[in-house]
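Here is the structure we will look at, set down as C-alpha cells.
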Amino acid sequence: GDGDRLAVICEGQSYTYGDIAERVTRTAAALRALGVRPEERIAMAMLDSVEFVSVFLGSMRIGAVPVAMNPLLPGRDLAVITADARATVAVLSDAVAGGVADLRAGAPELATVILTGDEAAAGLGVIGWEEFQAGAVDSDGSHYDTWEESPGFWLCTSGSTGRPKLAAHRHVDIRVTCETYARSILNIGPDDRCYSVGPMFHAYGLGNSLSFPFSVGASTILEPTRPPTPARVAELVTNHQPTLFFCIPTFYAALNGSDLSDDTFGSVRQASSAAESLPAETFERFRDRFGVTVLDGIGSTELLHVYLSNSLDDLRPGTSGRPVPGYEIRVVDEHGHDQPPGEPGQLLVSGGSMTTGYWCRSDTNRATFEGPWMRTGDLYEVDDDGYHTYLGRVDDMLRVGGEWVSPAEVEATLIEHPSVLEAAVVGEHDDDGVLRPVAYVVPAHATSDDAIAEDLTGFCRERLAGYKRPRRYEIVDDLPKTATGKIQRFKLRS
C-alpha cells in the first residue's frame with residue numbers, strides 16, 4: 001500500500017517504491033533469463049545508482065548472490081575478486097567500461113558482462129542495459145523461496161591492510177542491522193531522508209543508502225559521482241534536504257576545512273560516522289560550525305554495520321561509545337582474558353549479523369572466529385562507565401623504548417592543532433634500529449613545511465610523553481586511503 005512513497009532520488013530523477021519494485025522484478029527475470037541459478041555469484045562493479053539497487057535486490061530475489069566490488073578499481077583488480085568468487089556474470093557501471101578487457105582476461109569463468117549503458121557497450125563484446133532488460137520478457141521474475149540462513153550477498157573487506165577478502169552474509173543479516181543500529185541508534189522512520197557519502201558497495205553505505213531507508217519506507221539520495229567533494233555534497237544536501245547524514249572521519253575533516261555555509265546541514269537531525277575513529281576535535285569543529293551532532297561508532301564488513309556507537313542521549317566525544325543493543329563486546333588480552341577498565345586489549349564482538357566467514361580463507365577464518373565471537377583486530381580500552389576508546393589496529397601499535405604507543409592517540413593530539421587537517425602516525429626504525437613514531441600530516445591551509453613541523457614539535461612537547469612524540473613530520477597533500485576512507489598505513493610504512 002506504500003507503492004507511491006518516494007524511495008530513491010538519483011541524478012535529478014525520483015523513483016517511488018512501486019517503480020523500484022518493478023525494476024527489481026524485471027532485473028530478477030533478466031538474470032534468470034541469462035541462466036543464473038540460486039546461490040550463483042553475480043559480480044557488481046557499480047556506482048551508487050538505481051541500477052545498483054535493481055541488480056543487488058534482483059539477484060537476491062532469485063536466490064543468487066551479488067558480490068559488491070569497488071567500481072573505481074582497475075579491471076585487473078576487479079578480475080581477481082571476480083575470479084575468486086567464481087562469478088559467471090558481471091554487471092558494471094559505464095565508468096568501469098575501460099577495464100572490461102582486463103576483467104575478462106583475469107576471470108576466465110566470466111561468461112557475460114553487462115554495462116548499465118548502451119552506447120558504451122558497442123565493440124566491447126558486452127551486453128548493454130536495454131538488451132539485458134529485454135531478456136525479462138520471456139522469463140519469470142518471481143522470488144525464490146529463501147529463508148533466514150540463505151546465502152544472501154558477499155562484500156569485500158576494505159583492504160586497509162592489504163588484499164581484500166570476501167565476507168559472506170545471509171539474508172537475515174540485513175534485518176538484524178535494521179533492528180539494531182537503524183532502530184535503536186538512528187531511530188529511523190518513514191519520514192526520514194538518508195544521504196550517505198560512503199558508497200553502497202561498502203557495508204556502511206549499503207545500510208545507510210539501501211537497507212535502512214527501505215526497512216521503514218523512508219527515502220534515499222544516491223550519488224554516483226566518485227570521489228565526492230565538499231561542494232558536491234553541499235549541493236545535494238541543499239537540494240534534497242536529508243534528515244540523516246552518513247559520513248567518514250576523513251571527509252568530516254574535509255567539510256570542516258571547506259568554505260561551505262554554516263547552515264549547509266540545517267535539514268540534518270542527526271549525523272553518523274564510522275570506518276575510522278572520529279577525533280573529538282573533528283566532532284567539536286563540525287558541531288560548533290554546522291550545528292549537527294555526529295554519532296561516532298565502529299562497525300565492520302564482517303558484522304555488516306555499526307555494533308559499537310554513541311547515541312544522542314548517551315554521548316562521549318572521542319570514544320566509540322557503548323555496544324549497540326543486540327551486540328556483545330569484550331576487550332581481551334593476548335590470552336583471551338577480559339581486561340579491566342583502563343587496560344588495552346583486542347576488541348571481540350558477537351552479534352546476529354556476523355558473516356558466516358571469508359570465502360576460501362580457512363586459515364584466516366580459524367584465526368578470526370571463535371565460536372560466537374570475532375576478533376576484530378582493533379585495540380581498545382573501556383572505562384568504568386563502559387565507553388570504548390579506540391587505540392588503533394593491533395598491528396599498528398608501536399613498541400617504543402619498551403612502552404606501547406597508540407597511533408590513534410598521537411593522531412588525535414595532532415588534529416587539535418589548527419594547522420592540521422589530517423594526520424597518520426606509523427613506526428620507522430632510526431639509524432640505530434630503534435622504532436620511532438613518524439607523523440604524516442595534511443595541512444589545513446598553505447604554509448611552509450618547516451613552520452608546521454616546528455609548531456607541531458612544540459605543540460606535542462606540551463601534550464605527549466617523550467616516547468609518544470613523532471621523531472619527524474612528513475607534510476603531504478593527502479594520505480593513502482581505501483575507497484571507504486580508511487587510511488592505508490601499510491603504504492605509509494613501506
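Going through the C-alpha cells in order, the chains are called A, B, and so on, while each chain numbers its residues from 1 and the ligands are numbered from 1 in the order shown.
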Expected answer as a PyMOL selection string: strand (DSSP E or B) residues in stretch 43-139 of chain A: chain A and resi 43-45+65-69+89-92+112-115+127
Can those selected residues be exported to a file as a CSV table (one decimal), in the first residue's frame so that it contains N, CA, C and O atoms?
```csv
chain,number,residue,atom,x,y,z
A,43,ALA,N,29.0,-10.7,-10.0
A,43,ALA,CA,29.9,-9.7,-9.7
A,43,ALA,C,29.3,-8.3,-10.0
A,43,ALA,O,28.8,-8.1,-11.1
A,44,MET,N,29.4,-7.3,-9.1
A,44,MET,CA,28.9,-6.0,-9.3
A,44,MET,C,30.0,-5.0,-9.1
A,44,MET,O,30.6,-4.9,-8.0
A,45,ALA,N,30.3,-4.2,-10.1
A,45,ALA,CA,31.3,-3.1,-10.0
A,45,ALA,C,30.5,-1.9,-10.4
A,45,ALA,O,30.6,-1.4,-11.6
A,65,VAL,N,23.6,-14.6,-5.5
A,65,VAL,CA,24.4,-13.9,-4.5
A,65,VAL,C,25.2,-12.8,-5.2
A,65,VAL,O,26.2,-13.0,-5.9
A,66,PRO,N,24.8,-11.5,-5.0
A,66,PRO,CA,25.5,-10.4,-5.5
A,66,PRO,C,26.8,-10.2,-4.7
A,66,PRO,O,26.9,-10.3,-3.5
A,67,VAL,N,27.9,-9.9,-5.5
A,67,VAL,CA,29.2,-9.6,-4.9
A,67,VAL,C,29.6,-8.2,-5.2
A,67,VAL,O,29.9,-7.9,-6.4
A,68,ALA,N,29.4,-7.3,-4.2
A,68,ALA,CA,29.6,-5.9,-4.5
A,68,ALA,C,31.1,-5.6,-4.4
A,68,ALA,O,31.8,-5.9,-3.4
A,69,MET,N,31.6,-4.9,-5.5
A,69,MET,CA,33.1,-4.5,-5.6
A,69,MET,C,33.2,-3.0,-5.8
A,69,MET,O,32.3,-2.4,-6.2
A,89,VAL,N,28.7,-14.0,-14.2
A,89,VAL,CA,28.0,-12.8,-14.7
A,89,VAL,C,28.5,-11.6,-14.0
A,89,VAL,O,28.7,-11.7,-12.7
A,90,ALA,N,28.8,-10.6,-14.7
A,90,ALA,CA,29.3,-9.3,-14.0
A,90,ALA,C,28.5,-8.2,-14.6
A,90,ALA,O,28.2,-8.1,-15.8
A,91,VAL,N,28.1,-7.2,-13.7
A,91,VAL,CA,27.4,-6.0,-14.1
A,91,VAL,C,28.2,-4.8,-13.7
A,91,VAL,O,28.7,-4.7,-12.6
A,92,LEU,N,28.5,-4.0,-14.7
A,92,LEU,CA,29.4,-2.8,-14.5
A,92,LEU,C,28.7,-1.5,-14.8
A,92,LEU,O,27.9,-1.4,-15.8
A,112,THR,N,29.4,-13.6,-19.1
A,112,THR,CA,28.6,-12.5,-19.5
A,112,THR,C,28.9,-11.2,-18.8
A,112,THR,O,29.0,-11.2,-17.5
A,113,VAL,N,29.1,-10.1,-19.5
A,113,VAL,CA,29.4,-8.8,-18.9
A,113,VAL,C,28.3,-7.9,-19.4
A,113,VAL,O,28.0,-7.7,-20.6
A,114,ILE,N,27.7,-7.2,-18.4
A,114,ILE,CA,26.6,-6.2,-18.7
A,114,ILE,C,27.0,-4.8,-18.3
A,114,ILE,O,27.6,-4.7,-17.2
A,115,LEU,N,26.8,-3.9,-19.1
A,115,LEU,CA,27.0,-2.5,-18.8
A,115,LEU,C,25.7,-1.8,-18.6
A,115,LEU,O,24.7,-2.0,-19.3
A,127,ILE,N,26.9,-6.9,-23.1
A,127,ILE,CA,25.5,-6.6,-23.2
A,127,ILE,C,25.2,-5.2,-22.7
A,127,ILE,O,25.6,-4.9,-21.5
```
Can you build me a table of stretch 329-443 of chain A residues sitting at most 9 Å from stretch 475-478 of chain A, with the closest atom pair per residue and its distance in Å to one decimal, using only C-alpha atoms, sorted by chain and residue number, as CSV?
```
residue,atom,partner,partner_atom,distance
A:Glu422,CA,A:Asp478,CA,8.2
A:Ala439,CA,A:Ile475,CA,8.4
A:Tyr440,CA,A:Ile475,CA,6.0
A:Val441,CA,A:Ile475,CA,4.9
A:Val442,CA,A:Val476,CA,5.3
A:Pro443,CA,A:Ile475,CA,7.2
```
Same residues, C-alpha atoms, output as a PDB file, in the first residue's frame:
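The resulting file, part26.pdb, is reproduced below:
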```pdb
ATOM      1  CA  GLU A 422      44.545  15.115   8.838  1.00  0.00           C
ATOM      2  CA  ALA A 439      53.743  11.621  11.528  1.00  0.00           C
ATOM      3  CA  TYR A 440      52.360  12.217   8.049  1.00  0.00           C
ATOM      4  CA  VAL A 441      50.424  15.486   8.149  1.00  0.00           C
ATOM      5  CA  VAL A 442      47.967  17.099   5.709  1.00  0.00           C
ATOM      6  CA  PRO A 443      47.953  20.864   6.459  1.00  0.00           C
TER       7      PRO A 443
END
```
Contacts of stretch 9-11 of chain A at 12 Å (only C-alpha atoms; same-chain gap of 6+ positions) as a PyMOL selection string: chain A and resi 17+19-20+47-53+193-195+209-210+218-225+235-237+239-242
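By chain and then residue number, the residues within 12 Å of A:Tyr387 are Asp296, Gly297, Leu308, Ser309, Asn310, Ser311, Asp314, Leu315, Arg316, Pro317, Gly318, Thr319, Ser320, Gly321, Arg322, Pro323, Val324, Ile329, Arg330, Val331, Pro341, Gly342, Tyr380, Glu381, Val382 and Asp383 of chain A, counting only C-alpha atoms and disregarding those fewer than 4 positions away in sequence.
Residues in contact with stretch 454-464 of chain A at 9 Å, where only C-alpha atoms are counted and same-chain residues fewer than 4 positions away are skipped, are listed as Val410, Thr413, Leu414, His417, Ser419, Asp449, Asp450, Lys468, Arg469, Pro470, Arg471, Arg472 and Tyr473 of chain A.
Taking atom CA of A:Met397 as the reference point, atom CA of A:Gly466 is found at 16.3 Å.
Remark: for A:Leu295, the closest of the candidate residues A:Tyr181, A:Asp262, A:Asp192, A:Arg226 is A:Tyr181 (distances computed over only C-alpha atoms).
Of the residues under consideration (A:Gly58, A:Gly351, A:Gly18, A:Gly98), A:Gly58 shows the shortest atom-to-atom contact distance to A:Val36 when counting only C-alpha atoms.
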